[in-house]
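Taking it in order: structure first as structure tokens, then the write-up.
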Amino acid sequence: MFLDIQMPGLTGLDVAARLATSEHGPHIVFVTAYDHHAVAAFDHAAVDYVLKPVSAARLERTVARLRAKVEAKPAGEAETLRALLTQLGVAVAPKSAPLQWIRAAHGKETRLIPIDDVLYFQSNDKYTSVFTAEGESLIRTSMRELRDGLDEQRFWQIHRGVIVAASAIAATHTDFRGRLMVKLKGRTEQLVVSRNYTDQFRQM
């Protein structure tokens with residue numbers, strides 16, 4: 001359930017408080033222009049708190065969190081949700097296993113790169129570059145397809161055109177322009193983190 005803070009009649013927080021008494025209440029996401037209600041929202045077990053205006057990238061991350069919540073539910077509840085979605089005509093495909101290998105062009109060769117060797121992916125026009133300790137290779141897979149096939153706990157999207165292996169991150173810092181930058185282990189290049197993806201670095 002997506003709620004605003006200020007609504008006719010009950011506020012979004014009032015609605016969340018009433019739903020919290022239900023044994024099988026919905027997952028709640030607040031979409032609002034008021035950032036000072038975030039603490040109260042999470043006190044009401046909100047899954048996410050999204051500020052307006054909402055970008056497509058930010059909304060995709062919210063949907064990913066909701067999917068993770070649904071998948072974490074007991075099997076009985078998950079099956080009930082799947083049945084309801086099917087009745088509504090929403091296709092529910094089983095989640096495929098994360099990618100284990102990347103088939104990429106490296107010069108005149110085609111290499112099979114273990115996913116554990118990948119440091120980061122970066123989109124370049126018609127191609128996507130795959131960076132490993134051994135160098136750069138190219139694939140035709142789009143960033144969207146890659147993101148859907150990667151383990152989101154191990155690979156973090158930090159920009160519309162960059163996905164980085166969390167294990168390859170050495171540190172973060174803010175540059176003179178106020179941008180959050182990612183420093184990689186054993187690498188000289190530094191990667192820019194888009195404002196839409198800074199939340200995942202607050203713990204660092």
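Chain labels A, B, ... are given in the sequence in which chains occur in the structure tokens; within each chain residues are numbered consecutively from 1, and ligands are likewise numbered from 1 in the order shown.
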
**OP:** Do a neighbour search on His44 of chain A at 9 Å with only C-alpha atoms, toss out local chain neighbours closer than 5 positions, and write the hits as a list in words.
**Re:**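 Result of the neighbour search: Leu13, Ala16, Ala17, Ala20, Ile28 and Val39 of chain A.
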
Original post:
Mind checking DSSP for chain A and telling me the helix (DSSP H, G or I) residues as a PyMOL selection string?
Top reply: chain A and resi 12-19+35-43+56-72+75-87+115-117+143-149+166-168+195-197+199-201

Original post:
Counting only C-alpha atoms, what is within 6 Å of segment 177-182 of chain A, bar same-chain residues fewer than 4 positions away, as a list in words?
Top reply: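 Close residues of segment 177-182 of chain A: Thr172, His173, Gln190, Leu191, Val192 and Val193 of chain A.
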
Output of the above residues as a PDB file, in the first residue's frame, restricted to N, CA and C atoms:
ATOM      1  N   THR A 172      34.671   4.983   0.305  1.00  0.00           N
ATOM      2  CA  THR A 172      33.928   6.039  -0.384  1.00  0.00           C
ATOM      3  C   THR A 172      34.368   7.383   0.173  1.00  0.00           C
ATOM      4  N   HIS A 173      34.232   8.410  -0.636  1.00  0.00           N
ATOM      5  CA  HIS A 173      34.521   9.761  -0.163  1.00  0.00           C
ATOM      6  C   HIS A 173      33.773  10.757  -1.032  1.00  0.00           C
ATOM      7  N   GLN A 190      38.070   5.825 -10.028  1.00  0.00           N
ATOM      8  CA  GLN A 190      37.049   6.015  -9.014  1.00  0.00           C
ATOM      9  C   GLN A 190      35.710   6.215  -9.712  1.00  0.00           C
ATOM     10  N   LEU A 191      34.653   5.682  -9.137  1.00  0.00           N
ATOM     11  CA  LEU A 191      33.335   5.675  -9.764  1.00  0.00           C
ATOM     12  C   LEU A 191      32.387   6.619  -9.039  1.00  0.00           C
ATOM     13  N   VAL A 192      31.609   7.358  -9.817  1.00  0.00           N
ATOM     14  CA  VAL A 192      30.650   8.312  -9.251  1.00  0.00           C
ATOM     15  C   VAL A 192      29.374   7.579  -8.829  1.00  0.00           C
ATOM     16  N   VAL A 193      28.867   7.915  -7.643  1.00  0.00           N
ATOM     17  CA  VAL A 193      27.593   7.368  -7.164  1.00  0.00           C
ATOM     18  C   VAL A 193      26.506   8.411  -7.421  1.00  0.00           C
TER      19      VAL A 193
END

Original post:
Suppose you want the space between atom CA of Ser194 of chain A and atom CA of Thr132 of chain A; what is it in Å?
Top reply: 22.2 Å

Original post:
What is the distance between atom CA of Trp156 of chain A and atom CA of Asp35 of chain A, in Å to one decimal?
Top reply: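 Answer for the atom CA of Trp156 of chain A to atom CA of Asp35 of chain A separation: 24.8 Å.
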
Subject >> DSSP strand (DSSP E or B) selection over segment 113-191 of chain A, as a ChimeraX atom specification >> reply: /A:113-114,118-124,127-132,135-139,155-159,162-165,169-174,180-184,190-191

Got time to write the residues from that selection, C-alpha atoms, as a PDB file, in the first residue's frame?
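Writing done, so here's again.pdb:
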ATOM      1  CA  ILE A 113      34.238 -14.879 -16.965  1.00  0.00           C
ATOM      2  CA  PRO A 114      33.265 -16.182 -13.509  1.00  0.00           C
ATOM      3  CA  VAL A 118      33.884  -9.135 -11.996  1.00  0.00           C
ATOM      4  CA  LEU A 119      34.757  -5.801 -10.352  1.00  0.00           C
ATOM      5  CA  TYR A 120      32.132  -3.678 -12.076  1.00  0.00           C
ATOM      6  CA  PHE A 121      29.979  -3.228 -15.166  1.00  0.00           C
ATOM      7  CA  GLN A 122      29.739   0.045 -17.103  1.00  0.00           C
ATOM      8  CA  SER A 123      27.429   0.792 -20.031  1.00  0.00           C
ATOM      9  CA  ASN A 124      29.010   2.231 -23.180  1.00  0.00           C
ATOM     10  CA  TYR A 127      27.857  -2.360 -25.332  1.00  0.00           C
ATOM     11  CA  THR A 128      28.456  -2.961 -21.642  1.00  0.00           C
ATOM     12  CA  SER A 129      32.024  -3.163 -20.382  1.00  0.00           C
ATOM     13  CA  VAL A 130      32.929  -5.893 -17.895  1.00  0.00           C
ATOM     14  CA  PHE A 131      35.939  -4.977 -15.758  1.00  0.00           C
ATOM     15  CA  THR A 132      38.046  -7.611 -14.025  1.00  0.00           C
ATOM     16  CA  GLY A 135      41.193  -5.985 -18.026  1.00  0.00           C
ATOM     17  CA  GLU A 136      38.049  -4.938 -19.903  1.00  0.00           C
ATOM     18  CA  SER A 137      35.725  -7.164 -21.942  1.00  0.00           C
ATOM     19  CA  LEU A 138      32.514  -6.338 -23.807  1.00  0.00           C
ATOM     20  CA  ILE A 139      28.998  -7.777 -23.751  1.00  0.00           C
ATOM     21  CA  PHE A 155      26.282  -6.270  -6.884  1.00  0.00           C
ATOM     22  CA  TRP A 156      25.141  -2.711  -6.243  1.00  0.00           C
ATOM     23  CA  GLN A 157      23.927  -0.314  -8.874  1.00  0.00           C
ATOM     24  CA  ILE A 158      25.574   3.034  -8.106  1.00  0.00           C
ATOM     25  CA  HIS A 159      24.653   4.903 -11.270  1.00  0.00           C
ATOM     26  CA  VAL A 162      27.344   1.394 -13.456  1.00  0.00           C
ATOM     27  CA  ILE A 163      26.953  -1.733 -11.313  1.00  0.00           C
ATOM     28  CA  VAL A 164      29.802  -2.547  -8.917  1.00  0.00           C
ATOM     29  CA  ALA A 165      30.695  -5.668  -6.925  1.00  0.00           C
ATOM     30  CA  ILE A 169      34.694  -1.489  -2.822  1.00  0.00           C
ATOM     31  CA  ALA A 170      37.580  -0.253  -0.689  1.00  0.00           C
ATOM     32  CA  ALA A 171      36.159   3.090   0.479  1.00  0.00           C
ATOM     33  CA  THR A 172      33.928   6.039  -0.384  1.00  0.00           C
ATOM     34  CA  HIS A 173      34.521   9.761  -0.163  1.00  0.00           C
ATOM     35  CA  THR A 174      33.014  13.056  -1.339  1.00  0.00           C
ATOM     36  CA  LEU A 180      29.975  10.571  -3.579  1.00  0.00           C
ATOM     37  CA  MET A 181      32.846   8.585  -5.088  1.00  0.00           C
ATOM     38  CA  VAL A 182      33.667   4.863  -4.822  1.00  0.00           C
ATOM     39  CA  LYS A 183      37.291   3.746  -4.584  1.00  0.00           C
ATOM     40  CA  LEU A 184      37.971   0.178  -5.684  1.00  0.00           C
ATOM     41  CA  GLN A 190      37.049   6.015  -9.014  1.00  0.00           C
ATOM     42  CA  LEU A 191      33.335   5.675  -9.764  1.00  0.00           C
TER      43      LEU A 191
END

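Residue nearest Leu99 of chain A within the list A:Arg140, A:Arg61, A:Arg154, A:Lys52: A:Arg154 [criterion: smallest interatomic distance, only C-alpha atoms].
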